[in-house]
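To be precise, the following lines are structure-v1.pdb, and they hold PDB, C-alpha atoms.
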```pdb
ATOM      1  CA  MET A   1       8.545  -4.281   4.531
ATOM      2  CA  GLY A   2       8.380  -1.059   6.557
ATOM      3  CA  ASN A   3       8.133  -0.662  10.318
ATOM      4  CA  ARG A   4       5.421  -2.871  11.761
ATOM      5  CA  ALA A   5       3.056  -2.383  14.673
ATOM      6  CA  ASN A   6       1.061  -5.353  15.970
ATOM      7  CA  LEU A   7      -2.049  -5.732  18.093
ATOM      8  CA  ILE A   8      -1.878  -9.083  19.878
ATOM      9  CA  LEU A   9      -4.230 -11.170  22.003
ATOM     10  CA  GLN A  10      -2.226 -12.785  24.809
ATOM     11  CA  LYS A  11      -4.136 -15.950  25.656
ATOM     12  CA  LYS A  12      -3.699 -17.991  28.830
ATOM     13  CA  ASN A  13      -2.362 -21.502  28.261
ATOM     14  CA  SER A  14      -2.310 -20.917  24.517
ATOM     15  CA  ASN A  15      -0.292 -19.271  21.771
ATOM     16  CA  ASN A  16      -0.701 -15.550  21.290
ATOM     17  CA  LYS A  17      -2.901 -14.442  18.401
ATOM     18  CA  LEU A  18      -2.261 -11.564  16.027
ATOM     19  CA  ILE A  19      -5.409  -9.427  15.853
ATOM     20  CA  LEU A  20      -4.377  -6.554  13.592
ATOM     21  CA  GLU A  21      -1.203  -5.138  12.109
ATOM     22  CA  ALA A  22      -0.167  -1.747  10.777
ATOM     23  CA  ASN A  23       2.705  -0.527   8.646
ATOM     24  CA  ASN A  24       4.727   2.642   9.344
ATOM     25  CA  GLN A  25       2.150   4.107  11.732
ATOM     26  CA  LEU A  26       0.412   3.584  15.067
ATOM     27  CA  PRO A  27      -3.358   3.373  14.428
ATOM     28  CA  PHE A  28      -5.351   5.945  16.394
ATOM     29  CA  PHE A  29      -7.900   3.456  17.723
ATOM     30  CA  TRP A  30      -5.117   1.378  19.273
ATOM     31  CA  LEU A  31      -3.963   4.448  21.124
ATOM     32  CA  LEU A  32      -7.480   4.966  22.483
ATOM     33  CA  MET A  33      -7.200   1.685  24.416
ATOM     34  CA  LEU A  34      -4.201   2.974  26.369
ATOM     35  CA  ASP A  35      -3.841   5.267  29.354
ATOM     36  CA  LEU A  36      -0.941   7.126  30.947
ATOM     37  CA  ASN A  37      -0.536   4.585  33.736
ATOM     38  CA  THR A  38      -0.125   1.708  31.265
ATOM     39  CA  ILE A  39       2.620   3.586  29.419
ATOM     40  CA  GLU A  40       4.463   4.744  32.531
ATOM     41  CA  LYS A  41       4.298   1.309  34.146
ATOM     42  CA  SER A  42       6.084  -0.354  31.211
ATOM     43  CA  GLU A  43       8.157   2.587  30.003
ATOM     44  CA  SER A  44      11.507   1.509  31.510
ATOM     45  CA  LYS A  45      11.179  -2.047  30.145
ATOM     46  CA  PHE A  46      10.324  -0.678  26.719
ATOM     47  CA  LEU A  47      13.352   1.630  26.680
ATOM     48  CA  ASN A  48      15.692  -1.109  27.896
ATOM     49  CA  CYS A  49      14.358  -3.429  25.226
ATOM     50  CA  PHE A  50      14.968  -0.800  22.556
ATOM     51  CA  GLU A  51      18.541  -0.247  23.748
ATOM     52  CA  SER A  52      19.374  -3.948  23.944
ATOM     53  CA  GLN A  53      17.804  -4.773  20.554
ATOM     54  CA  ASN A  54      16.742  -8.076  22.099
ATOM     55  CA  LYS A  55      13.580  -9.298  20.378
ATOM     56  CA  ASN A  56      12.776 -11.639  23.264
ATOM     57  CA  CYS A  57      12.689  -8.951  25.937
ATOM     58  CA  GLU A  58       9.518  -7.426  27.396
ATOM     59  CA  ARG A  59       8.648  -4.697  24.915
ATOM     60  CA  ASN A  60       4.866  -4.721  24.635
ATOM     61  CA  PHE A  61       2.292  -2.632  26.468
ATOM     62  CA  LYS A  62      -0.386  -4.836  28.020
ATOM     63  CA  ILE A  63      -4.023  -3.998  28.695
ATOM     64  CA  ASN A  64      -6.416  -6.154  30.705
ATOM     65  CA  LYS A  65     -10.184  -6.145  30.292
ATOM     66  CA  THR A  66     -10.789  -3.784  33.224
ATOM     67  CA  ASP A  67      -8.380  -1.141  31.928
ATOM     68  CA  PHE A  68      -9.629  -1.625  28.387
ATOM     69  CA  GLU A  69     -13.249  -0.937  29.344
ATOM     70  CA  LYS A  70     -12.271   2.059  31.470
ATOM     71  CA  ASN A  71     -10.103   3.576  28.741
ATOM     72  CA  THR A  72     -12.529   2.984  25.880
ATOM     73  CA  LYS A  73     -15.349   4.543  27.896
ATOM     74  CA  ILE A  74     -13.330   7.757  28.122
ATOM     75  CA  SER A  75     -12.266   7.463  24.498
ATOM     76  CA  LYS A  76     -15.856   7.085  23.289
ATOM     77  CA  GLU A  77     -16.767  10.372  24.935
ATOM     78  CA  TYR A  78     -13.710  11.964  23.411
ATOM     79  CA  ILE A  79     -14.556  10.702  19.926
ATOM     80  CA  LYS A  80     -18.162  11.874  20.224
ATOM     81  CA  LYS A  81     -17.002  15.320  21.265
ATOM     82  CA  PHE A  82     -14.175  15.951  18.789
ATOM     83  CA  HIS A  83     -14.602  13.409  15.991
ATOM     84  CA  PRO A  84     -18.274  12.385  15.882
ATOM     85  CA  ASP A  85     -17.902  11.058  12.332
ATOM     86  CA  LEU A  86     -15.667   8.290  13.740
ATOM     87  CA  THR A  87     -18.061   7.229  16.514
ATOM     88  CA  THR A  88     -19.558   4.235  14.698
ATOM     89  CA  LYS A  89     -16.167   2.958  13.607
ATOM     90  CA  PHE A  90     -14.710   3.217  17.101
ATOM     91  CA  GLU A  91     -17.733   1.519  18.635
ATOM     92  CA  GLN A  92     -17.349  -1.393  16.212
ATOM     93  CA  PHE A  93     -13.650  -1.681  17.016
ATOM     94  CA  SER A  94     -14.051  -1.459  20.803
ATOM     95  CA  GLU A  95     -16.937  -3.964  20.787
ATOM     96  CA  TYR A  96     -14.827  -6.384  18.788
ATOM     97  CA  ILE A  97     -11.916  -6.174  21.247
ATOM     98  CA  LYS A  98     -14.325  -6.486  24.170
ATOM     99  CA  ASN A  99     -15.733  -9.697  22.669
ATOM    100  CA  ILE A 100     -12.358 -11.374  22.259
ATOM    101  CA  ILE A 101     -10.409 -10.156  25.288
ATOM    102  CA  SER A 102     -12.297 -12.165  27.958
ATOM    103  CA  ASP A 103      -9.835 -12.781  30.827
ATOM    104  CA  ASN A 104      -6.847 -12.372  28.516
ATOM    105  CA  PHE A 105      -4.626  -9.391  27.737
ATOM    106  CA  ILE A 106      -4.315  -7.167  24.717
ATOM    107  CA  GLU A 107      -0.710  -6.352  23.824
ATOM    108  CA  LEU A 108       0.512  -3.459  21.703
ATOM    109  CA  ASP A 109       3.834  -4.028  19.982
ATOM    110  CA  PHE A 110       4.931  -0.815  18.296
ATOM    111  CA  ILE A 111       8.647  -0.635  19.058
ATOM    112  CA  GLU A 112       9.511  -0.379  15.343
ATOM    113  CA  ILE A 113       7.494   2.851  15.045
ATOM    114  CA  THR A 114      10.148   4.524  17.221
ATOM    115  CA  ASN A 115      12.354   4.549  14.107
ATOM    116  CA  PHE A 116      10.374   7.571  12.903
ATOM    117  CA  TYR A 117      11.474   9.567  15.967
ATOM    118  CA  SER A 118      14.828  10.868  17.130
ATOM    119  CA  SER A 119      14.662   8.565  20.164
ATOM    120  CA  PRO A 120      12.272   6.119  21.900
ATOM    121  CA  THR A 121      11.967   8.651  24.707
ATOM    122  CA  GLU A 122      10.591  11.239  22.285
ATOM    123  CA  PHE A 123       8.199   8.642  20.888
ATOM    124  CA  LEU A 124       6.777   7.799  24.323
ATOM    125  CA  TYR A 125       6.607  11.487  25.205
ATOM    126  CA  GLU A 126       4.435  12.134  22.147
ATOM    127  CA  ILE A 127       2.161   9.215  23.034
ATOM    128  CA  LYS A 128       1.765  10.408  26.631
ATOM    129  CA  LYS A 129       1.050  13.933  25.411
ATOM    130  CA  THR A 130      -1.718  12.619  23.183
ATOM    131  CA  LEU A 131      -3.165  10.427  25.943
ATOM    132  CA  LEU A 132      -3.174  13.402  28.306
ATOM    133  CA  SER A 133      -5.166  15.432  25.777
ATOM    134  CA  ILE A 134      -7.701  12.603  25.555
ATOM    135  CA  LYS A 135      -7.916  12.257  29.329
ATOM    136  CA  GLU A 136      -8.447  16.007  29.769
ATOM    137  CA  MET A 137     -10.877  16.152  26.829
ATOM    138  CA  LYS A 138      -8.742  18.574  24.855
ATOM    139  CA  SER A 139      -8.463  18.734  21.095
ATOM    140  CA  LEU A 140      -5.387  17.167  19.531
ATOM    141  CA  ASP A 141      -2.762  19.548  18.200
ATOM    142  CA  LYS A 142      -2.040  19.838  14.476
ATOM    143  CA  LYS A 143       0.882  17.413  14.668
ATOM    144  CA  ASP A 144      -1.244  14.675  16.253
ATOM    145  CA  LEU A 145      -4.134  15.287  13.886
ATOM    146  CA  SER A 146      -1.765  14.944  10.950
ATOM    147  CA  GLU A 147      -0.187  11.784  12.365
ATOM    148  CA  TYR A 148      -3.286   9.925  13.525
ATOM    149  CA  LEU A 149      -6.231  11.333  11.591
ATOM    150  CA  SER A 150      -4.912  12.523   8.245
ATOM    151  CA  ASN A 151      -6.824   9.612   6.725
ATOM    152  CA  PRO A 152     -10.244   8.571   8.174
ATOM    153  CA  ASN A 153      -9.988   5.275   6.279
ATOM    154  CA  PHE A 154     -10.856   2.266   8.508
ATOM    155  CA  PHE A 155      -7.518   0.608   7.638
ATOM    156  CA  TYR A 156      -5.619   3.686   8.821
ATOM    157  CA  LEU A 157      -7.574   3.789  12.084
ATOM    158  CA  VAL A 158      -7.306   0.113  13.079
ATOM    159  CA  GLY A 159      -4.771  -1.572  10.779
ATOM    160  CA  TYR A 160      -5.173  -4.689   8.624
ATOM    161  CA  ASP A 161      -6.360  -8.204   9.410
ATOM    162  CA  THR A 162      -5.332  -9.773   6.089
ATOM    163  CA  TYR A 163      -2.537 -11.970   7.452
ATOM    164  CA  VAL A 164      -3.554 -12.413  11.100
ATOM    165  CA  ASN A 165      -3.953 -15.798  12.793
ATOM    166  CA  ILE A 166      -6.893 -15.132  15.101
ATOM    167  CA  GLU A 167      -9.991 -17.288  14.601
ATOM    168  CA  HIS A 168     -12.538 -14.451  14.476
ATOM    169  CA  LYS A 169     -11.117 -11.534  12.524
ATOM    170  CA  PHE A 170     -12.285  -7.946  12.699
ATOM    171  CA  SER A 171     -13.567  -8.222   9.127
ATOM    172  CA  ASP A 172     -15.873 -11.032  10.344
ATOM    173  CA  PHE A 173     -17.257  -8.707  13.018
ATOM    174  CA  SER A 174     -17.499  -5.361  11.209
ATOM    175  CA  LYS A 175     -19.548  -5.192   8.006
ATOM    176  CA  ASP A 176     -18.123  -1.747   7.251
ATOM    177  CA  TYR A 177     -14.538  -2.971   7.551
ATOM    178  CA  ASN A 178     -15.292  -6.070   5.495
ATOM    179  CA  GLN A 179     -17.006  -3.986   2.803
ATOM    180  CA  LEU A 180     -13.948  -1.743   2.628
ATOM    181  CA  GLN A 181     -11.796  -4.815   2.001
ATOM    182  CA  ILE A 182     -14.172  -5.908  -0.757
ATOM    183  CA  ASP A 183     -14.177  -2.439  -2.318
ATOM    184  CA  ILE A 184     -10.376  -2.248  -2.260
ATOM    185  CA  ALA A 185     -10.102  -5.737  -3.768
ATOM    186  CA  ASN A 186     -12.615  -4.806  -6.503
ATOM    187  CA  GLU A 187     -10.737  -1.590  -7.198
ATOM    188  CA  LYS A 188      -7.468  -3.513  -7.539
ATOM    189  CA  GLY A 189      -9.210  -6.033  -9.793
ATOM    190  CA  ASN A 190     -10.617  -3.272 -11.996
ATOM    191  CA  LYS A 191      -7.214  -1.597 -12.234
ATOM    192  CA  HIS A 192      -5.662  -4.932 -13.174
ATOM    193  CA  LYS A 193      -8.270  -5.431 -15.909
ATOM    194  CA  GLU A 194      -7.671  -1.906 -17.186
ATOM    195  CA  ARG A 195      -3.918  -2.544 -17.311
ATOM    196  CA  GLU A 196      -4.482  -5.820 -19.163
ATOM    197  CA  LYS A 197      -6.802  -4.094 -21.638
ATOM    198  CA  GLU A 198      -4.295  -1.294 -22.131
ATOM    199  CA  ASN A 199      -1.462  -3.798 -22.671
ATOM    200  CA  LYS A 200      -3.533  -5.698 -25.252
ATOM    201  CA  LEU A 201      -4.218  -2.479 -27.148
ATOM    202  CA  LYS A 202      -0.528  -1.591 -27.043
ATOM    203  CA  LYS A 203       0.444  -5.039 -28.325
ATOM    204  CA  LYS A 204      -2.149  -4.778 -31.099
ATOM    205  CA  ASP A 205      -0.862  -1.358 -32.084
ATOM    206  CA  LYS A 206       2.708  -2.667 -31.996
ATOM    207  CA  ARG A 207       1.802  -5.524 -34.344
ATOM    208  CA  LYS A 208       0.111  -3.093 -36.729
ATOM    209  CA  ARG A 209       3.145  -0.806 -36.786
ATOM    210  CA  THR A 210       5.481  -3.774 -37.290
ATOM    211  CA  LEU A 211       3.390  -5.067 -40.206
ATOM    212  CA  TYR A 212       3.325  -1.568 -41.673
ATOM    213  CA  GLY A 213       7.124  -1.409 -41.482
ATOM    214  CA  ILE A 214       7.441  -4.840 -43.114
ATOM    215  CA  PHE A 215       5.003  -3.828 -45.870
ATOM    216  CA  ILE A 216       6.922  -0.614 -46.621
ATOM    217  CA  SER A 217      10.247  -2.500 -46.588
ATOM    218  CA  ILE A 218       8.914  -5.066 -49.078
ATOM    219  CA  ILE A 219       7.693  -2.300 -51.395
ATOM    220  CA  GLY A 220      11.080  -0.572 -51.221
ATOM    221  CA  LEU A 221      12.953  -3.846 -51.786
ATOM    222  CA  SER A 222      10.684  -4.691 -54.723
ATOM    223  CA  MET A 223      11.291  -1.299 -56.329
ATOM    224  CA  LEU A 224      15.020  -1.707 -55.769
ATOM    225  CA  ILE A 225      15.123  -5.174 -57.394
ATOM    226  CA  ILE A 226      12.863  -4.161 -60.301
ATOM    227  CA  HIS A 227      14.966  -1.122 -61.170
ATOM    228  CA  ILE A 228      18.206  -3.098 -60.939
ATOM    229  CA  ILE A 229      16.794  -5.711 -63.336
ATOM    230  CA  MET A 230      15.491  -3.019 -65.662
ATOM    231  CA  ILE A 231      18.865  -1.282 -65.725
ATOM    232  CA  ILE A 232      20.508  -4.580 -66.675
ATOM    233  CA  HIS A 233      18.051  -5.495 -69.435
ATOM    234  CA  VAL A 234      16.586  -2.201 -70.656
ATOM    235  CA  ASN A 235      18.966   0.284 -72.235
ATOM    236  CA  ASP A 236      16.646   3.226 -71.660
ATOM    237  CA  MET A 237      16.796   2.597 -67.859
ATOM    238  CA  LYS A 238      20.572   2.961 -67.697
ATOM    239  CA  ASN A 239      20.224   6.691 -67.540
ATOM    240  CA  GLY A 240      19.294   8.789 -64.498
ATOM    241  CA  ARG A 241      15.722   7.475 -64.322
ATOM    242  CA  GLY A 242      16.857   3.971 -63.370
ATOM    243  CA  ILE A 243      19.337   5.245 -60.796
ATOM    244  CA  ARG A 244      16.657   7.450 -59.248
ATOM    245  CA  GLY A 245      14.357   4.437 -59.036
ATOM    246  CA  ILE A 246      17.031   2.415 -57.215
ATOM    247  CA  ILE A 247      17.699   5.260 -54.782
ATOM    248  CA  PHE A 248      13.992   5.804 -54.173
ATOM    249  CA  GLY A 249      13.391   2.083 -53.566
ATOM    250  CA  LEU A 250      16.396   1.946 -51.228
ATOM    251  CA  LEU A 251      15.108   4.924 -49.225
ATOM    252  CA  ILE A 252      11.653   3.368 -48.906
ATOM    253  CA  MET A 253      13.180   0.082 -47.745
ATOM    254  CA  ILE A 254      15.387   1.878 -45.178
ATOM    255  CA  TYR A 255      12.353   3.788 -43.892
ATOM    256  CA  GLY A 256      10.421   0.529 -43.480
ATOM    257  CA  LEU A 257      13.322  -1.121 -41.624
ATOM    258  CA  TYR A 258      13.576   1.960 -39.393
ATOM    259  CA  LYS A 259       9.872   1.670 -38.503
ATOM    260  CA  ILE A 260      10.313  -2.031 -37.660
ATOM    261  CA  LYS A 261      13.331  -1.349 -35.442
ATOM    262  CA  LYS A 262      11.635   1.553 -33.679
ATOM    263  CA  THR A 263       8.554  -0.572 -32.986
ATOM    264  CA  THR A 264      10.460  -3.606 -31.681
ATOM    265  CA  THR A 265      12.669  -1.528 -29.363
ATOM    266  CA  ASN A 266       9.660   0.092 -27.669
ATOM    267  CA  THR A 267       8.456  -1.958 -24.671
ATOM    268  CA  VAL A 268       4.751  -2.494 -23.982
TER     269      VAL A 268
END
```
Using the file provided, produce a representation of the structure as C-alpha cells.
Amino acid sequence: MGNRANLILQKKNSNNKLILEANNQLPFFWLLMLDLNTIEKSESKFLNCFESQNKNCERNFKINKTDFEKNTKISKEYIKKFHPDLTTKFEQFSEYIKNIISDNFIELDFIEITNFYSSPTEFLYEIKKTLLSIKEMKSLDKKDLSEYLSNPNFFYLVGYDTYVNIEHKFSDFSKDYNQLQIDIANEKGNKHKEREKENKLKKKDKRKRTLYGIFISIIGLSMLIIHIIMIIHVNDMKNGRGIRGIIFGLLIMIYGLYKIKKTTTNTV
C-alpha cells in the first residue's frame, strides 16, 4: 500500500472530495500551493495528531482561495525562473485547482509521508526550508531537487486521479495529463500482449519438447521389446549383439523419459 498523501477539496455543506493522491512522496506542485504561514499556523495540531495517532484529529493543512492564488502567483514566477520546462504543467494544475476551489478549502493530508523522516518535526522543517527557498526565489538544494524533481513525469508532480471521487477530475481538465494516462495504459497493454505472446511460445516449445521426449521413449521401448523377443526366438541373437540391443534401447528410452521429466518440471 505504501504511505499515502491526499489532496482534498473541503466542500461546505457537503462531503469532502478526493482530488488527487500520491504514494510514498509529496508531489512538488502540491507544495507550491503552500506558504510558511499555513505550515506554522497548523504545525502544533499536526504534531499533536502525529503523537496521538488519532485519525480523527486535525492533521491537514488547509488553503483557501485567497492564499492559493497568492501562493501560486509566486510559485509561477519561481517555476519560470528555475524550471521553465514545467511552466505549462504547473499552469494547468493551478488553473484546475482554481476552477474547483470556489469558496471552499483545499486540504493537504500528508502525515504518512513523515514515516520517511526521523521525526515529524524534521519533516516540517524540510518543507519550511523548501518554501523559504521558493519565497526568496532561490534554487532548491540537491536534496530537494532529488526528492521533488527527480522525475518530471506529470504523475510525480501532481499525483494520480485514478481512484478519486471528485466529479471533474484533473484528467478531464488537462489533455497532457489525460494523454499520459492513455500512454501508460497502452504501454501496460502492450507489455501484457508481449507477455501473453511469450507465454504461448514457451508453451508451444514445451509441447514440442514433450512430444520429442515421448517419441524417443517409444523408439527406445520398441528397440528394447524387439531385442527381447529376438533373443527369445532367434538363437543368433542370444549372444552379445542381442544384449547390446537391449541396453541401447533401454538407454534411449531412459533418455526420452529424462527429456519428458525435465520439460514437465520447468514452469512457463
| query | Near Asn15 of chain A, within 12 Å and counting only C-alpha atoms, which residues show up once chain neighbours fewer than 6 positions away are dropped, as a list in words? | reply | Ile8, Leu9, Asn104, Asn165 and Ile166 of chain A
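With only C-alpha atoms as the atoms that count, the minimum distance from Gly213 of chain A to the choices A:Phe170, A:Tyr258, A:Phe110, A:Phe90 is reached by A:Tyr258.
Take atom CA of Ile79 of chain A and atom CA of Val164 of chain A: the distance between them is 27.1 Å.
Ranking A:Ala22, A:Met137, A:Leu201, A:Leu36 by their shortest atom-to-atom distance to Ser75 of chain A, with all atoms listed in the file included, puts A:Met137 first.
Taking all atoms listed in the file into account, Glu43 of chain A lies nearest to A:Lys128 out of the set A:Phe82, A:Lys65, A:Asp103, A:Lys128.
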| Residue neighbourhood Pro152 of chain A, 10 Å, all atoms listed in the file, exclusion window fewer than 3 positions, as number ranges by chain | A: 28, 85-86, 89, 148-149, 155-157
Can you write just those residues out, C-alpha atoms, as a PDB file, in the coordinates of the input?
```pdb
ATOM      1  CA  PHE A  28      -5.351   5.945  16.394  1.00  0.00           C
ATOM      2  CA  ASP A  85     -17.902  11.058  12.332  1.00  0.00           C
ATOM      3  CA  LEU A  86     -15.667   8.290  13.740  1.00  0.00           C
ATOM      4  CA  LYS A  89     -16.167   2.958  13.607  1.00  0.00           C
ATOM      5  CA  TYR A 148      -3.286   9.925  13.525  1.00  0.00           C
ATOM      6  CA  LEU A 149      -6.231  11.333  11.591  1.00  0.00           C
ATOM      7  CA  PHE A 155      -7.518   0.608   7.638  1.00  0.00           C
ATOM      8  CA  TYR A 156      -5.619   3.686   8.821  1.00  0.00           C
ATOM      9  CA  LEU A 157      -7.574   3.789  12.084  1.00  0.00           C
TER      10      LEU A 157
END
```
Would you mind putting back N, CA and C atoms on segment 44-67 of chain A, then writing it out as a tab-separated table (two decimals), in the frame of the given file?
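File written: result-v5.tsv
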```
chain	number	residue	atom	x	y	z
A	44	SER	N	10.10	1.87	31.32
A	44	SER	CA	11.51	1.51	31.51
A	44	SER	C	11.85	0.20	30.79
A	45	LYS	N	10.95	-0.77	30.84
A	45	LYS	CA	11.18	-2.05	30.14
A	45	LYS	C	11.25	-1.83	28.63
A	46	PHE	N	10.36	-0.98	28.15
A	46	PHE	CA	10.32	-0.68	26.72
A	46	PHE	C	11.63	-0.04	26.27
A	47	LEU	N	12.11	0.93	27.04
A	47	LEU	CA	13.35	1.63	26.68
A	47	LEU	C	14.56	0.70	26.74
A	48	ASN	N	14.59	-0.15	27.78
A	48	ASN	CA	15.69	-1.11	27.90
A	48	ASN	C	15.69	-2.10	26.73
A	49	CYS	N	14.50	-2.49	26.34
A	49	CYS	CA	14.36	-3.43	25.23
A	49	CYS	C	14.85	-2.79	23.93
A	50	PHE	N	14.53	-1.52	23.75
A	50	PHE	CA	14.97	-0.80	22.56
A	50	PHE	C	16.49	-0.70	22.52
A	51	GLU	N	17.09	-0.40	23.68
A	51	GLU	CA	18.54	-0.25	23.75
A	51	GLU	C	19.26	-1.57	23.51
A	52	SER	N	18.72	-2.64	24.05
A	52	SER	CA	19.37	-3.95	23.94
A	52	SER	C	19.18	-4.61	22.58
A	53	GLN	N	18.14	-4.17	21.85
A	53	GLN	CA	17.80	-4.77	20.55
A	53	GLN	C	17.53	-6.27	20.67
A	54	ASN	N	17.07	-6.67	21.85
A	54	ASN	CA	16.74	-8.08	22.10
A	54	ASN	C	15.26	-8.30	21.80
A	55	LYS	N	14.97	-9.09	20.78
A	55	LYS	CA	13.58	-9.30	20.38
A	55	LYS	C	12.78	-10.11	21.38
A	56	ASN	N	13.47	-10.80	22.28
A	56	ASN	CA	12.78	-11.64	23.26
A	56	ASN	C	12.50	-10.92	24.58
A	57	CYS	N	12.92	-9.67	24.68
A	57	CYS	CA	12.69	-8.95	25.94
A	57	CYS	C	11.25	-8.42	26.00
A	58	GLU	N	10.88	-7.93	27.17
A	58	GLU	CA	9.52	-7.43	27.40
A	58	GLU	C	9.39	-6.04	26.77
A	59	ARG	N	8.72	-5.97	25.64
A	59	ARG	CA	8.65	-4.70	24.92
A	59	ARG	C	7.23	-4.24	24.65
A	60	ASN	N	6.25	-5.04	24.96
A	60	ASN	CA	4.87	-4.72	24.64
A	60	ASN	C	4.15	-4.04	25.80
A	61	PHE	N	3.15	-3.26	25.46
A	61	PHE	CA	2.29	-2.63	26.47
A	61	PHE	C	1.01	-3.45	26.58
A	62	LYS	N	0.73	-3.91	27.81
A	62	LYS	CA	-0.39	-4.84	28.02
A	62	LYS	C	-1.59	-4.12	28.63
A	63	ILE	N	-2.77	-4.57	28.19
A	63	ILE	CA	-4.02	-4.00	28.70
A	63	ILE	C	-4.95	-5.14	29.07
A	64	ASN	N	-5.43	-5.13	30.31
A	64	ASN	CA	-6.42	-6.15	30.70
A	64	ASN	C	-7.82	-5.65	30.41
A	65	LYS	N	-8.80	-6.49	30.64
A	65	LYS	CA	-10.18	-6.14	30.29
A	65	LYS	C	-10.69	-4.95	31.08
A	66	THR	N	-10.33	-4.89	32.37
A	66	THR	CA	-10.79	-3.78	33.22
A	66	THR	C	-10.27	-2.45	32.71
A	67	ASP	N	-8.97	-2.38	32.44
A	67	ASP	CA	-8.38	-1.14	31.93
A	67	ASP	C	-8.91	-0.81	30.53
```
